[in-house]
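These notes concern the structure reproduced below.
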Amino acid sequence: MWVDCHTHLNFEGFAKDWREVVDRAVAAGVEKMIVVGADLESSQRAVEMTEQSKHLWASVGIHPHHAKAVTSNQLSVISKQLKELATHKKVVAIGEIGLDYHVYKNSKYKI
């Protein structure tokens with residue numbers, strides 16, 4: 001069995017066809033996929049998607065490039081929401097949270 005430990009099927013580019021992408025992956029032998037959240041919204045979407053497919057699992061967190069968008073006023077609310085998401089039965093990891101030295105030239109976040 002193959003496992004894809006880092007997908008972003010929760011991103012806009014897959015909004016219309018993520019189910020077909022999962023079906024093709026399963027047909028190719030990838031039986032489990034982890035959908036990784038990069039901010040609160042994509043983390044919520046990742047968890048929602050796991051409820052619609054037995055092949056999907058989720059990871060929730062804030063990517064370093066999105067962390068700068070979180071204000072100190074929002075921090076406790078977002079932390080609470082992420083903690084709640086992390087208790088979902090199909091959440092298997094916390095992340096995107098690590099150090100990321102890749103510089104996204106088109107990102108609105110500067111590091």
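Each chain of the structure tokens is named A, B, ... in the order shown, its residues numbered from 1; ligands are numbered from 1 in display order.
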
For Leu9 in chain A, list every protein, DNA or RNA residue within 7 Å, evaluated using only C-alpha atoms, and leave out those in the same chain fewer than 3 positions away; present the list as a PDB file with N, CA, C and O atoms, in the first residue's frame.
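In the end it all went to out.pdb:
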```pdb
ATOM      1  N   PHE A  14      -7.942  22.300  -6.656  1.00  0.00           N
ATOM      2  CA  PHE A  14      -8.622  21.008  -6.642  1.00  0.00           C
ATOM      3  C   PHE A  14     -10.088  21.110  -6.237  1.00  0.00           C
ATOM      4  O   PHE A  14     -10.741  20.089  -6.011  1.00  0.00           O
ATOM      5  N   TRP A  18     -11.308  17.234  -6.738  1.00  0.00           N
ATOM      6  CA  TRP A  18     -10.504  16.494  -5.773  1.00  0.00           C
ATOM      7  C   TRP A  18     -10.958  15.048  -5.634  1.00  0.00           C
ATOM      8  O   TRP A  18     -10.136  14.150  -5.446  1.00  0.00           O
ATOM      9  N   VAL A  35      -4.239  15.185   3.819  1.00  0.00           N
ATOM     10  CA  VAL A  35      -4.538  16.514   3.295  1.00  0.00           C
ATOM     11  C   VAL A  35      -4.055  17.512   4.347  1.00  0.00           C
ATOM     12  O   VAL A  35      -4.531  17.516   5.478  1.00  0.00           O
TER      13      VAL A  35
END
```

- DSSP on the backbone, then: every residue of chain A marked strand (DSSP E or B), written as a list in words. Trp2, Val3, Asp4, Cys5, His6, Thr7, Val30, Glu31, Lys32, Met33, Ile34, Val35, Val36, Leu56, Trp57, Ala58, Ser59, Val60, Val91, Val92, Ala93 and Ile94 of chain A

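Closest approach to Ala58 in chain A among A:Ala86, A:Val26, A:Leu75, A:Val3: A:Ala86, based on only C-alpha atoms.
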
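Nearest to Arg19 in chain A of all the residues A:Thr87, A:Ser59, A:Gln81, A:Gln52 is A:Gln52, based on only C-alpha atoms.
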
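Here CA of Val22 in chain A is placed at a distance of 29.7 Å from CA of Ser79 in chain A.
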
- Atom pair CA of Ser72 in chain A / CA of Ala93 in chain A: separation (Å): 24.5 Å

- Query: So which bits of range 3-111 of chain A end up helix (DSSP H, G or I) when you DSSP the backbone, as a PyMOL selection string?
  - Reply: chain A and resi 12-14+18-27+40-50+64-67+72-86

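The shortest atom-to-atom distance to Val91 in chain A, with only C-alpha atoms taken into account, belongs to A:Val60 out of A:Ala27, A:Cys5, A:Ala38, A:Val60.
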
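Our summary of the geometry notes that CA of Ile62 in chain A is positioned 26.8 Å from CA of Glu20 in chain A.
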